[in-house]
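Trainee: Contents of work_17.csv (CSV, C-alpha atoms):
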```
chain,number,residue,atom,x,y,z
A,710,MET,CA,-41.8,-15.0,-43.2
A,711,ASP,CA,-40.1,-11.7,-43.9
A,712,PRO,CA,-36.5,-12.5,-44.9
A,713,LYS,CA,-35.2,-8.9,-44.8
A,714,ILE,CA,-36.0,-8.1,-41.2
A,715,ARG,CA,-35.1,-11.7,-40.1
A,716,ALA,CA,-31.6,-11.2,-41.6
A,717,ALA,CA,-31.2,-7.8,-39.9
A,718,PHE,CA,-32.4,-9.1,-36.6
A,719,ASN,CA,-30.1,-12.1,-36.6
A,720,ALA,CA,-27.1,-10.0,-37.6
A,721,ASP,CA,-27.8,-7.6,-34.7
A,722,PHE,CA,-28.6,-10.2,-32.1
A,723,THR,CA,-26.3,-10.7,-29.1
A,724,PRO,CA,-26.7,-12.7,-25.9
A,725,GLU,CA,-26.6,-9.3,-24.0
A,726,ARG,CA,-29.7,-8.1,-25.9
A,727,TYR,CA,-31.5,-11.3,-25.0
A,728,ALA,CA,-30.5,-10.9,-21.4
A,729,ALA,CA,-31.9,-7.4,-21.5
A,730,LEU,CA,-35.2,-8.7,-22.9
A,731,VAL,CA,-35.6,-11.3,-20.1
A,732,ARG,CA,-34.6,-8.7,-17.5
A,733,CYS,CA,-37.2,-6.2,-18.8
A,734,VAL,CA,-39.9,-8.9,-18.6
A,735,ASN,CA,-39.0,-10.1,-15.1
A,736,GLU,CA,-38.5,-6.8,-13.5
A,737,ALA,CA,-41.5,-5.0,-14.9
A,738,GLU,CA,-44.1,-6.8,-12.7
A,739,LYS,CA,-44.4,-8.1,-9.2
A,740,TRP,CA,-44.1,-11.6,-10.5
A,741,PRO,CA,-41.6,-12.8,-13.1
A,742,ALA,CA,-42.2,-15.0,-16.1
A,743,ASP,CA,-42.3,-18.7,-15.0
A,744,PHE,CA,-41.8,-19.9,-18.6
A,745,ARG,CA,-39.0,-19.5,-21.1
A,746,ILE,CA,-39.0,-16.3,-23.3
A,747,SER,CA,-37.8,-17.0,-26.8
A,748,GLU,CA,-34.8,-15.0,-28.1
A,749,THR,CA,-36.9,-13.7,-31.0
A,750,PRO,CA,-40.3,-12.7,-32.3
A,751,ILE,CA,-41.4,-14.0,-35.7
A,752,PHE,CA,-41.8,-11.6,-38.6
A,753,LEU,CA,-44.8,-12.1,-40.8
A,754,THR,CA,-45.1,-11.1,-44.4
A,755,ARG,CA,-48.2,-9.2,-45.4
A,756,GLU,CA,-49.4,-12.2,-47.3
A,757,PHE,CA,-49.2,-14.6,-44.3
A,758,THR,CA,-50.7,-12.0,-42.0
A,759,ASP,CA,-53.7,-11.6,-44.3
A,760,GLU,CA,-54.0,-15.4,-44.6
A,761,VAL,CA,-53.9,-16.2,-40.9
A,762,VAL,CA,-56.3,-13.3,-40.1
A,763,ARG,CA,-58.8,-14.7,-42.7
A,764,ALA,CA,-58.4,-18.2,-41.3
A,765,ALA,CA,-59.1,-17.1,-37.7
A,766,ASP,CA,-62.1,-15.0,-38.8
A,767,GLU,CA,-63.5,-18.0,-40.7
A,768,ILE,CA,-63.1,-20.3,-37.7
A,769,VAL,CA,-64.8,-17.8,-35.3
A,770,ALA,CA,-67.6,-17.2,-37.8
A,771,LEU,CA,-68.4,-20.9,-37.9
A,772,THR,CA,-68.8,-20.9,-34.1
A,773,ARG,CA,-71.7,-18.4,-34.5
A,774,THR,CA,-73.9,-20.5,-36.7
A,775,PRO,CA,-77.1,-22.3,-35.6
A,776,GLU,CA,-75.5,-25.6,-36.8
A,777,PHE,CA,-72.6,-25.0,-34.4
A,778,ALA,CA,-74.9,-24.1,-31.5
A,779,LYS,CA,-76.6,-27.5,-32.0
A,780,HIS,CA,-73.3,-29.3,-32.0
A,781,ALA,CA,-72.1,-27.4,-28.9
A,782,GLY,CA,-75.3,-28.3,-27.0
A,783,SER,CA,-73.7,-31.5,-25.7
A,784,ALA,CA,-70.3,-30.0,-24.9
A,785,ILE,CA,-70.6,-29.4,-21.2
A,786,PRO,CA,-69.9,-32.4,-19.0
A,787,LYS,CA,-72.7,-33.4,-16.7
A,788,GLY,CA,-72.8,-31.4,-13.5
A,789,LEU,CA,-70.5,-28.6,-14.6
A,790,GLU,CA,-73.0,-26.3,-16.3
A,791,VAL,CA,-73.0,-22.8,-14.8
A,792,PRO,CA,-76.2,-20.7,-14.7
A,793,SER,CA,-76.8,-17.4,-16.5
A,794,GLU,CA,-74.9,-18.1,-19.6
A,795,SER,CA,-74.0,-15.1,-21.7
A,796,ALA,CA,-75.3,-14.5,-25.2
A,797,HIS,CA,-71.8,-14.9,-26.6
A,798,PRO,CA,-68.3,-15.6,-25.4
A,799,ASN,CA,-66.2,-12.7,-24.3
A,800,PHE,CA,-63.0,-14.2,-25.7
A,801,HIS,CA,-61.9,-16.4,-28.6
A,802,VAL,CA,-58.4,-17.7,-29.0
A,803,VAL,CA,-57.5,-19.7,-32.2
A,804,ASP,CA,-54.2,-21.7,-32.4
A,805,PHE,CA,-52.6,-22.4,-35.7
A,806,ALA,CA,-49.5,-24.4,-36.4
A,807,ILE,CA,-47.3,-22.8,-39.0
A,808,CYS,CA,-46.7,-25.5,-41.7
A,809,ALA,CA,-45.1,-25.8,-45.1
A,810,GLU,CA,-47.1,-26.3,-48.2
A,811,GLY,CA,-44.9,-26.5,-51.2
A,812,ASP,CA,-42.6,-23.4,-51.0
A,813,ARG,CA,-45.0,-21.4,-48.8
A,814,LEU,CA,-45.9,-21.2,-45.1
A,815,VAL,CA,-49.6,-21.7,-44.2
A,816,PRO,CA,-51.6,-21.7,-40.9
A,817,ARG,CA,-53.3,-25.0,-39.9
A,818,LEU,CA,-55.7,-25.1,-37.0
A,819,ILE,CA,-54.6,-26.9,-33.8
A,820,GLU,CA,-57.1,-25.9,-31.2
A,821,LEU,CA,-59.4,-23.1,-30.1
A,822,GLN,CA,-60.9,-21.9,-26.9
A,823,ALA,CA,-63.5,-19.4,-25.7
A,824,PHE,CA,-61.3,-18.5,-22.8
A,825,PRO,CA,-59.0,-15.6,-22.0
A,826,SER,CA,-55.3,-15.8,-22.9
A,827,LEU,CA,-52.3,-13.6,-22.0
A,828,PHE,CA,-53.9,-10.3,-23.0
A,829,GLY,CA,-51.9,-8.3,-20.5
A,830,PHE,CA,-48.5,-10.1,-20.8
A,831,GLN,CA,-48.4,-9.9,-24.6
A,832,LEU,CA,-48.4,-6.1,-24.4
A,833,LEU,CA,-45.6,-6.2,-21.8
A,834,LEU,CA,-43.6,-8.6,-24.0
A,835,LEU,CA,-44.0,-6.3,-27.1
A,836,HIS,CA,-42.7,-3.4,-25.1
A,837,CYS,CA,-39.7,-5.3,-23.8
A,838,ILE,CA,-38.9,-6.7,-27.3
A,839,ARG,CA,-38.9,-3.2,-28.8
A,840,LYS,CA,-36.7,-1.9,-25.9
A,841,ALA,CA,-34.2,-4.8,-26.2
A,842,TYR,CA,-34.0,-4.9,-30.0
A,843,PRO,CA,-33.9,-1.4,-31.5
A,844,VAL,CA,-33.3,-3.0,-35.0
A,845,ILE,CA,-37.0,-3.8,-35.2
A,846,PRO,CA,-38.8,-0.9,-37.0
A,847,ARG,CA,-41.3,0.9,-34.9
A,848,ASN,CA,-44.1,0.4,-37.4
A,849,TRP,CA,-43.9,-3.4,-36.9
A,850,THR,CA,-46.7,-4.4,-34.6
A,851,SER,CA,-48.4,-7.4,-33.1
A,852,SER,CA,-51.9,-6.0,-33.2
A,853,PHE,CA,-54.4,-6.2,-36.1
A,854,GLY,CA,-56.7,-3.8,-37.9
A,855,GLY,CA,-54.7,-0.8,-36.9
A,856,ILE,CA,-55.5,-1.1,-33.2
A,857,LYS,CA,-53.3,1.1,-31.1
A,858,ASP,CA,-52.6,0.6,-27.3
A,859,GLU,CA,-55.4,2.9,-26.1
A,860,ALA,CA,-58.0,1.2,-28.3
A,861,TYR,CA,-56.7,-2.1,-27.0
A,862,PHE,CA,-57.1,-1.0,-23.4
A,863,ASP,CA,-60.6,0.3,-24.1
A,864,LEU,CA,-61.7,-3.0,-25.6
A,865,LEU,CA,-60.4,-4.9,-22.5
A,866,ARG,CA,-62.0,-2.4,-20.1
A,867,ARG,CA,-65.4,-2.6,-21.9
A,868,THR,CA,-65.2,-6.4,-21.9
A,869,ILE,CA,-63.9,-7.0,-18.4
A,870,ILE,CA,-64.9,-4.0,-16.3
A,871,ALA,CA,-67.9,-2.6,-18.2
A,872,ASP,CA,-69.8,-0.1,-16.0
A,873,SER,CA,-68.7,-1.6,-12.6
A,874,ASN,CA,-66.3,0.1,-10.2
A,875,LEU,CA,-62.8,-1.4,-10.3
A,876,GLU,CA,-63.0,-2.8,-6.7
A,877,ASN,CA,-66.1,-4.8,-7.7
A,878,VAL,CA,-64.2,-6.6,-10.5
A,879,VAL,CA,-61.8,-9.4,-9.7
A,880,LEU,CA,-59.6,-11.8,-11.7
A,881,LEU,CA,-60.5,-15.2,-10.2
A,882,GLU,CA,-58.0,-18.1,-10.2
A,883,ILE,CA,-56.8,-21.0,-8.1
A,884,ASP,CA,-53.7,-19.8,-6.1
A,885,PRO,CA,-53.0,-17.0,-8.6
A,886,ASP,CA,-49.6,-16.3,-7.1
A,887,LYS,CA,-48.5,-19.9,-7.9
A,888,GLN,CA,-49.8,-20.2,-11.5
A,889,LYS,CA,-47.4,-20.2,-14.5
A,890,THR,CA,-49.4,-17.4,-16.0
A,891,ARG,CA,-49.2,-15.2,-12.9
A,892,ILE,CA,-47.1,-12.6,-14.8
A,893,ASP,CA,-50.2,-12.0,-16.9
A,894,PHE,CA,-52.3,-11.5,-13.8
A,895,ALA,CA,-49.8,-8.9,-12.6
A,896,ALA,CA,-49.7,-7.2,-16.0
A,897,THR,CA,-53.5,-7.1,-16.1
A,898,GLU,CA,-53.6,-5.6,-12.6
A,899,LYS,CA,-51.3,-2.9,-13.7
A,900,LEU,CA,-53.1,-2.2,-17.0
A,901,LEU,CA,-56.7,-2.3,-15.7
A,902,GLY,CA,-56.5,-2.2,-11.9
A,903,ILE,CA,-58.1,-5.6,-11.4
A,904,ARG,CA,-56.9,-7.6,-8.4
A,905,PRO,CA,-56.2,-11.3,-8.7
A,906,VAL,CA,-58.2,-13.2,-6.1
A,907,CYS,CA,-58.0,-16.9,-5.1
A,908,VAL,CA,-61.2,-18.9,-5.2
A,909,THR,CA,-60.7,-19.8,-1.6
A,910,GLN,CA,-60.7,-16.1,-0.6
A,911,VAL,CA,-64.3,-15.6,-1.9
A,912,LYS,CA,-67.2,-15.6,0.6
A,913,LYS,CA,-70.8,-16.2,-0.3
A,914,SER,CA,-73.8,-14.5,1.3
A,915,GLY,CA,-77.1,-15.4,-0.2
A,916,ARG,CA,-76.6,-15.0,-4.0
A,917,GLN,CA,-73.8,-12.5,-3.6
A,918,LEU,CA,-70.0,-13.1,-3.5
A,919,PHE,CA,-67.5,-11.0,-1.5
A,920,TYR,CA,-63.7,-10.8,-1.0
A,921,ASP,CA,-61.6,-9.1,1.7
A,922,HIS,CA,-59.6,-6.0,0.8
A,923,ASN,CA,-57.7,-4.4,3.6
A,924,GLY,CA,-60.1,-5.8,6.2
A,925,ARG,CA,-63.2,-4.7,4.3
A,926,GLU,CA,-65.6,-7.0,2.6
A,927,VAL,CA,-66.1,-5.9,-1.0
A,928,ARG,CA,-68.9,-7.2,-3.2
A,929,ILE,CA,-67.9,-9.0,-6.4
A,930,GLU,CA,-70.0,-7.9,-9.4
A,931,ARG,CA,-67.9,-9.1,-12.3
A,932,ILE,CA,-65.5,-12.1,-12.4
A,933,TYR,CA,-62.7,-12.1,-15.0
A,934,ASN,CA,-62.6,-15.9,-14.9
A,935,ARG,CA,-59.2,-17.5,-15.2
A,936,VAL,CA,-60.2,-20.8,-13.4
A,937,ILE,CA,-59.8,-23.8,-15.6
A,938,PHE,CA,-62.3,-26.5,-14.7
A,939,ASP,CA,-59.8,-29.3,-15.4
A,940,GLU,CA,-57.7,-28.0,-12.5
A,941,LEU,CA,-60.7,-27.2,-10.3
A,942,VAL,CA,-62.0,-30.8,-10.4
A,943,ARG,CA,-58.5,-32.1,-9.6
A,944,ARG,CA,-58.3,-30.0,-6.4
A,945,PRO,CA,-60.7,-31.5,-3.9
A,946,ASP,CA,-58.5,-30.0,-1.2
A,947,LEU,CA,-59.9,-26.5,-2.0
A,948,ASN,CA,-62.3,-25.2,0.7
A,949,LEU,CA,-64.8,-23.1,-1.3
A,950,SER,CA,-67.7,-21.2,0.1
A,951,PHE,CA,-69.5,-21.3,-3.2
A,952,ARG,CA,-70.0,-23.5,-6.3
A,953,PHE,CA,-69.7,-22.4,-9.8
A,954,GLN,CA,-73.0,-24.1,-10.4
A,955,ASP,CA,-74.7,-21.9,-7.8
A,956,ASP,CA,-77.3,-19.3,-8.9
A,957,LEU,CA,-75.1,-16.2,-8.2
A,958,ASP,CA,-75.7,-12.5,-8.7
A,959,VAL,CA,-72.5,-12.0,-10.6
A,960,THR,CA,-71.5,-11.6,-14.2
A,961,TRP,CA,-68.9,-14.0,-15.6
A,962,VAL,CA,-66.3,-12.7,-18.0
A,963,GLY,CA,-66.1,-15.0,-19.9
A,964,HIS,CA,-68.8,-17.3,-18.8
A,965,PRO,CA,-67.5,-20.8,-17.9
A,966,ASN,CA,-69.9,-22.6,-20.2
A,967,TRP,CA,-68.1,-21.2,-23.2
A,968,TYR,CA,-64.9,-22.9,-22.1
A,969,PHE,CA,-66.6,-26.2,-23.0
A,970,ARG,CA,-68.8,-25.1,-25.9
A,971,ILE,CA,-65.9,-23.7,-28.0
A,972,SER,CA,-63.0,-26.1,-27.4
A,973,LYS,CA,-61.5,-29.3,-28.7
A,974,HIS,CA,-65.1,-30.5,-28.7
A,975,SER,CA,-65.6,-28.1,-31.7
A,976,LEU,CA,-62.9,-29.6,-33.8
A,977,PRO,CA,-64.9,-32.4,-35.5
A,978,PHE,CA,-67.5,-29.8,-36.6
A,979,LEU,CA,-65.0,-27.3,-38.1
A,980,LYS,CA,-64.2,-27.9,-41.7
A,981,THR,CA,-62.3,-25.2,-43.6
A,982,GLY,CA,-59.2,-25.0,-45.8
A,983,CYS,CA,-57.1,-24.6,-42.7
A,984,THR,CA,-58.5,-27.5,-40.6
A,985,SER,CA,-57.5,-31.1,-40.4
A,986,PRO,CA,-59.9,-34.1,-40.3
A,987,THR,CA,-60.9,-34.7,-36.6
A,988,PHE,CA,-63.2,-37.4,-35.1
A,989,PHE,CA,-64.5,-38.3,-31.7
A,990,ALA,CA,-62.8,-41.5,-30.7
A,991,ASN,CA,-66.0,-43.5,-30.7
A,992,GLU,CA,-66.7,-42.4,-34.3
A,993,PHE,CA,-63.2,-43.0,-35.7
A,994,SER,CA,-63.5,-44.8,-39.0
A,995,ASP,CA,-61.8,-48.1,-39.7
A,996,ARG,CA,-60.8,-46.7,-43.0
A,997,GLU,CA,-58.5,-44.1,-41.4
A,998,LYS,CA,-54.8,-44.8,-40.8
A,999,ILE,CA,-54.4,-44.3,-37.1
A,1000,ASP,CA,-50.7,-43.5,-37.4
A,1001,ASP,CA,-51.7,-40.2,-39.1
A,1002,TYR,CA,-53.6,-39.0,-36.0
A,1003,VAL,CA,-53.0,-37.7,-32.5
A,1004,LEU,CA,-55.2,-38.6,-29.6
A,1005,LYS,CA,-56.4,-35.8,-27.3
A,1006,PRO,CA,-58.7,-35.7,-24.3
A,1007,LEU,CA,-61.5,-33.2,-24.6
A,1008,TYR,CA,-61.2,-31.7,-21.2
A,1009,SER,CA,-57.6,-31.0,-20.5
A,1010,PHE,CA,-55.2,-28.1,-20.9
A,1011,ALA,CA,-51.5,-27.4,-21.4
A,1012,GLY,CA,-51.1,-30.5,-23.5
A,1013,HIS,CA,-52.0,-32.9,-20.6
A,1014,GLY,CA,-53.0,-36.4,-21.8
A,1015,VAL,CA,-52.1,-35.9,-25.5
A,1016,ASP,CA,-50.9,-39.1,-27.1
A,1017,MET,CA,-48.8,-38.7,-30.3
A,1018,GLU,CA,-48.7,-42.4,-31.0
A,1019,PRO,CA,-52.3,-43.8,-30.6
A,1020,THR,CA,-53.2,-47.3,-31.5
A,1021,ARG,CA,-56.5,-49.1,-32.0
A,1022,GLU,CA,-55.9,-51.0,-28.8
A,1023,LYS,CA,-55.6,-47.7,-26.9
A,1024,ILE,CA,-58.8,-46.4,-28.3
A,1025,ALA,CA,-60.6,-49.6,-27.4
A,1026,ALA,CA,-59.4,-49.3,-23.9
A,1027,LEU,CA,-60.8,-45.8,-23.4
A,1028,GLU,CA,-63.6,-45.8,-20.8
A,1029,THR,CA,-65.2,-42.6,-22.3
A,1030,PRO,CA,-64.2,-42.5,-26.0
A,1031,HIS,CA,-66.8,-39.8,-26.7
A,1032,GLN,CA,-64.6,-37.5,-24.5
A,1033,TRP,CA,-61.5,-38.0,-26.7
A,1034,ILE,CA,-60.8,-36.9,-30.2
A,1035,LEU,CA,-58.4,-38.1,-32.9
A,1036,GLN,CA,-57.0,-35.2,-35.0
A,1037,LYS,CA,-55.0,-35.7,-38.1
A,1038,LYS,CA,-51.4,-34.7,-37.5
A,1039,VAL,CA,-50.0,-31.5,-38.9
A,1040,HIS,CA,-46.3,-31.1,-39.5
A,1041,TYR,CA,-44.8,-27.9,-38.2
A,1042,ALA,CA,-42.3,-26.2,-40.5
A,1043,ALA,CA,-38.8,-25.4,-39.2
A,1044,PHE,CA,-38.6,-22.0,-40.7
A,1045,VAL,CA,-36.9,-19.6,-38.2
A,1046,PRO,CA,-33.1,-19.5,-38.8
A,1047,THR,CA,-31.4,-19.0,-35.4
A,1048,ALA,CA,-28.0,-17.9,-34.2
A,1049,ASP,CA,-27.3,-21.4,-32.9
A,1050,GLY,CA,-27.6,-23.0,-36.3
A,1051,GLU,CA,-30.9,-24.8,-35.7
A,1052,LYS,CA,-34.3,-23.8,-37.2
A,1053,SER,CA,-37.2,-23.2,-34.9
A,1054,LYS,CA,-40.9,-24.1,-35.4
A,1055,ALA,CA,-43.8,-22.0,-34.2
A,1056,GLU,CA,-47.5,-21.8,-33.6
A,1057,ILE,CA,-49.5,-18.6,-33.4
A,1058,ARG,CA,-52.5,-17.9,-31.2
A,1059,MET,CA,-55.0,-15.3,-32.6
A,1060,MET,CA,-56.7,-13.5,-29.8
A,1061,PHE,CA,-60.2,-11.9,-29.9
A,1062,VAL,CA,-62.1,-10.0,-27.3
A,1063,TRP,CA,-65.9,-9.4,-27.4
A,1064,PRO,CA,-67.5,-6.8,-25.2
A,1065,ASP,CA,-71.1,-7.7,-24.2
A,1066,GLU,CA,-72.7,-4.9,-26.2
A,1067,ASP,CA,-70.6,-5.3,-29.4
A,1068,ARG,CA,-72.2,-7.1,-32.3
A,1069,ASN,CA,-68.9,-8.9,-33.3
A,1070,PRO,CA,-65.7,-10.0,-31.7
A,1071,THR,CA,-62.5,-8.0,-32.4
A,1072,LEU,CA,-59.1,-9.5,-33.3
A,1073,VAL,CA,-56.6,-7.6,-31.2
A,1074,ASN,CA,-53.3,-9.4,-30.7
A,1075,ASN,CA,-51.4,-12.7,-31.0
A,1076,LEU,CA,-49.2,-15.0,-29.0
A,1077,VAL,CA,-46.5,-17.3,-30.4
A,1078,ARG,CA,-44.9,-20.4,-29.0
A,1079,MET,CA,-41.6,-21.6,-30.5
A,1080,SER,CA,-40.1,-25.1,-30.4
A,1081,GLN,CA,-37.3,-27.2,-31.8
A,1082,GLY,CA,-38.6,-30.4,-30.2
A,1083,LYS,CA,-41.2,-33.0,-31.1
A,1084,MET,CA,-43.9,-30.9,-29.4
A,1085,MET,CA,-44.3,-27.3,-28.2
A,1086,GLY,CA,-44.1,-28.1,-24.5
A,1087,VAL,CA,-41.2,-27.4,-22.2
A,1088,ASP,CA,-40.3,-31.1,-21.7
A,1089,PHE,CA,-39.6,-31.4,-25.4
A,1090,ASN,CA,-37.3,-28.3,-25.5
A,1091,ILE,CA,-35.0,-28.8,-22.5
A,1092,ASP,CA,-31.6,-27.2,-23.1
A,1093,LYS,CA,-32.7,-25.6,-26.4
A,1094,THR,CA,-32.5,-22.0,-27.3
A,1095,TRP,CA,-34.6,-19.8,-29.6
A,1096,VAL,CA,-37.7,-21.6,-28.1
A,1097,GLY,CA,-40.5,-20.5,-25.7
A,1098,ALA,CA,-43.0,-17.7,-25.5
A,1099,SER,CA,-42.9,-15.0,-28.1
A,1100,ILE,CA,-45.0,-12.8,-30.4
A,1101,ALA,CA,-45.5,-12.3,-34.1
A,1102,LEU,CA,-44.9,-8.9,-35.7
A,1103,HIS,CA,-46.0,-7.6,-39.0
A,1104,GLU,CA,-45.7,-4.3,-40.8
A,1105,GLY,CA,-48.4,-1.9,-39.7
```
Show me the file's structure as structure tokens.
Mentor:
Amino acid sequence: MDPKIRAAFNADFTPERYAALVRCVNEAEKWPADFRISETPIFLTREFTDEVVRAADEIVALTRTPEFAKHAGSAIPKGLEVPSESAHPNFHVVDFAICAEGDRLVPRLIELQAFPSLFGFQLLLLHCIRKAYPVIPRNWTSSFGGIKDEAYFDLLRRTIIADSNLENVVLLEIDPDKQKTRIDFAATEKLLGIRPVCVTQVKKSGRQLFYDHNGREVRIERIYNRVIFDELVRRPDLNLSFRFQDDLDVTWVGHPNWYFRISKHSLPFLKTGCTSPTFFANEFSDREKIDDYVLKPLYSFAGHGVDMEPTREKIAALETPHQWILQKKVHYAAFVPTADGEKSKAEIRMMFVWPDEDRNPTLVNNLVRMSQGKMMGVDFNIDKTWVGASIALHEG
């Protein structure tokens, strides 16, 4: 990481500046951040920026091969396939742990998803960081390839809204006002004019879907889908007038099938210099040392069900071992010197968007999570500072 700007930032840091950052985030939208905001961004050297961009591009390229398509053919659980699958995913996000290799920092793949991330919130966070911390030079940015704000907005508009009228495009979620990511829904509504709508508020008539807006039924043409199937199947209490598996006259952005096709299911297939050996649990070799691996369920989110200390007995007890993977552990580097004397670890999410008519996806932004605990989750970072949601900046 860049030592010069890190030293300048830490010397200029005060609790008051951090309070201003949090206040900016929480007062900017109709909903506040329901997760901890880290005190600091991370500052990437040009060398690391180039390396993590190459690594992300390489991973995404592998998901576009005929060999990968064959591998992903069995990714969707029975009964969950959605009709009218798009030719390609509209979103890619690739998560890397930042690890130490000798005296240098390197990205190592943790997970990937063809599912939207906090594309709206990260712009808000960048704005608030710049406002709270004037020590950060204005030419330091979180975007890639020289993309400026208007180009970023245009990519999101072309991907999510396309040629539809704004009122015919909705952000679909389960109880959006109760989700931890609701601040992103609010930021997206402000940036693009897309309303968040709960799945229970959608009505079906024939093959068409509608929602109520000020007492008027409005047809839904495009769905910016933020519904995660893991949560949907755990909510039998939801009274829906439609099924995702129905043949509907709507365009999914991104299509739900890609959530499964490009996911943890992909990890055993992906083999590059930045990936770790990964196996389906039913194919785990006796020659491998299980203490070196972490056990993950294929179909879960936010770290649910991850077992950092698997055993052969636990694997033997799995009812559906083909729906679990064992991924070789990576060791996060503690590399961010903080004002409290500890060093924080981080992982970086590289965020791509892919409009329907574009030949290739575009890397637009990033998201960072910081930790001082055993894992990145909140439960492992209780009462710690310089941890939580952040962003990576590099010299533009």
Trainee: Using all atoms listed in the file, tabulate the residues of region 758-826 of chain A lying at most 9 Å from any atom of region 1067-1083 of chain A, each with its closest atom pair and that distance in Å to one decimal, by chain and increasing residue number, as a Markdown table.
Mentor:
```
| residue | atom | partner | partner_atom | distance |
| --- | --- | --- | --- | --- |
| A:Val762 | CA | A:Leu1072 | CA | 8.3 |
| A:Ala765 | CA | A:Leu1072 | CA | 8.8 |
| A:Asp766 | CA | A:Leu1072 | CA | 8.3 |
| A:Val769 | CA | A:Pro1070 | CA | 8.6 |
| A:Pro798 | CA | A:Pro1070 | CA | 8.8 |
| A:Asn799 | CA | A:Pro1070 | CA | 7.9 |
| A:Phe800 | CA | A:Pro1070 | CA | 7.8 |
| A:His801 | CA | A:Pro1070 | CA | 8.1 |
| A:Val802 | CA | A:Asn1075 | CA | 8.8 |
| A:Ser826 | CA | A:Leu1076 | CA | 8.7 |
```
Trainee: Could you tell me which of A:Lys973, A:Leu949, A:Pro1046, A:Pro775 comes closest to Ala717 (chain A) if we count only C-alpha atoms?
Mentor: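 Selected residue with least distance to Ala717 (chain A): A:Pro1046.
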Trainee: Out of A:Glu820, A:Asp721, A:Glu794, A:Glu876, which residue has the shortest atom-to-atom distance to Val927 (chain A) when counting only C-alpha atoms?
Mentor: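 Closest to Val927 (chain A) of all the choices is A:Glu876.
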Trainee: Restricting the calculation to all atoms listed in the file: of A:Lys713, A:Lys1023, A:His797, A:His1040, which residue gets closest to His964 (chain A)?
Mentor: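 Comparing A:Lys713, A:Lys1023, A:His797, A:His1040 against His964 (chain A), the winner is A:His797.
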Trainee: Quick one: residues within 8 Å of region 839-847 of chain A, only C-alpha atoms, excluding same-chain residues fewer than 5 positions away - as a PyMOL selection string?
Mentor: chain A and resi 714+717-718+721-722+726-727+729-730
Trainee: Calculated over only C-alpha atoms, which of the candidates A:Leu864, A:Met1017, A:Cys907, A:Leu789 has the smallest distance to Phe894 (chain A)?
Mentor: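 When distances to Phe894 (chain A) are compared using only C-alpha atoms, the smallest one comes from A:Cys907.
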Trainee: So that I can see what lies close to Ile937 (chain A), please list as a ChimeraX atom specification the residues with an atom at most 12 Å from it, counting all atoms listed in the file and leaving out residues fewer than 3 positions away in the same chain.
Mentor: /A:789,822-826,881-885,888,908,934,940-944,953,963-969,1008-1011
Trainee: Please measure the separation of CA of Ala742 (chain A) and CA of Pro905 (chain A), giving the value in Å to one decimal.
Mentor: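 CA of Pro905 (chain A) lies 16.3 Å from CA of Ala742 (chain A).
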Trainee: So that I can check the surroundings of region 912-925 of chain A, please list as a ChimeraX atom specification every protein, DNA and RNA residue that reaches within 8 Å of it, counting all atoms listed in the file and ignoring chain neighbours fewer than 4 positions away.
Mentor: /A:906,929-930,950-951,956-959
Trainee: Kindly give the distance, in Å, that separates CA of Val962 (chain A) and CA of Arg931 (chain A), rounded to a single decimal.
Mentor: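 Computing the Euclidean distance for CA of Val962 (chain A) and CA of Arg931 (chain A) yields 6.9 Å.
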Trainee: What does the distance between CA of Arg928 (chain A) and CA of Asp872 (chain A) come to in Å, to one decimal place?
Mentor: 14.7 Å
Trainee: Which protein, DNA or RNA residues have an atom at most 12 Å from (-45.9, -3.2, -22.8), counting all atoms listed in the file? List them as a PyMOL selection string.
Mentor: chain A and resi 733-734+737-738+828-840+850-851+857-859+861-862+893+896-897+899-900
Trainee: Limited to C-alpha atoms, could you put the picked residues into a file as a compact mmCIF listing (two decimals), keeping the file's coordinate frame?
Mentor:
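That gives us part-v8.txt:
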```txt
# COMPACT_ATOMS: atom_id res chain seq x y z
CA CYS A 733 -37.20 -6.20 -18.80
CA VAL A 734 -39.90 -8.90 -18.60
CA ALA A 737 -41.50 -5.00 -14.90
CA GLU A 738 -44.10 -6.80 -12.70
CA PHE A 828 -53.90 -10.30 -23.00
CA GLY A 829 -51.90 -8.30 -20.50
CA PHE A 830 -48.50 -10.10 -20.80
CA GLN A 831 -48.40 -9.90 -24.60
CA LEU A 832 -48.40 -6.10 -24.40
CA LEU A 833 -45.60 -6.20 -21.80
CA LEU A 834 -43.60 -8.60 -24.00
CA LEU A 835 -44.00 -6.30 -27.10
CA HIS A 836 -42.70 -3.40 -25.10
CA CYS A 837 -39.70 -5.30 -23.80
CA ILE A 838 -38.90 -6.70 -27.30
CA ARG A 839 -38.90 -3.20 -28.80
CA LYS A 840 -36.70 -1.90 -25.90
CA THR A 850 -46.70 -4.40 -34.60
CA SER A 851 -48.40 -7.40 -33.10
CA LYS A 857 -53.30 1.10 -31.10
CA ASP A 858 -52.60 0.60 -27.30
CA GLU A 859 -55.40 2.90 -26.10
CA TYR A 861 -56.70 -2.10 -27.00
CA PHE A 862 -57.10 -1.00 -23.40
CA ASP A 893 -50.20 -12.00 -16.90
CA ALA A 896 -49.70 -7.20 -16.00
CA THR A 897 -53.50 -7.10 -16.10
CA LYS A 899 -51.30 -2.90 -13.70
CA LEU A 900 -53.10 -2.20 -17.00
```
Trainee: When distances are computed from only C-alpha atoms, which of A:Val911, A:Val1039, A:Leu880, A:Leu865 shows the smallest separation from Phe805 (chain A)?
Mentor: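 Using only C-alpha atoms, Phe805 (chain A) sits closest to A:Val1039.
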Trainee: For region 776-784 of chain A, find every residue with an atom within 10 Å (counting all atoms listed in the file), except residues of its own chain fewer than 3 positions away, and show them as a PyMOL selection string.
Mentor: chain A and resi 770-773+787+790+966-975+977-979+1007-1008+1032
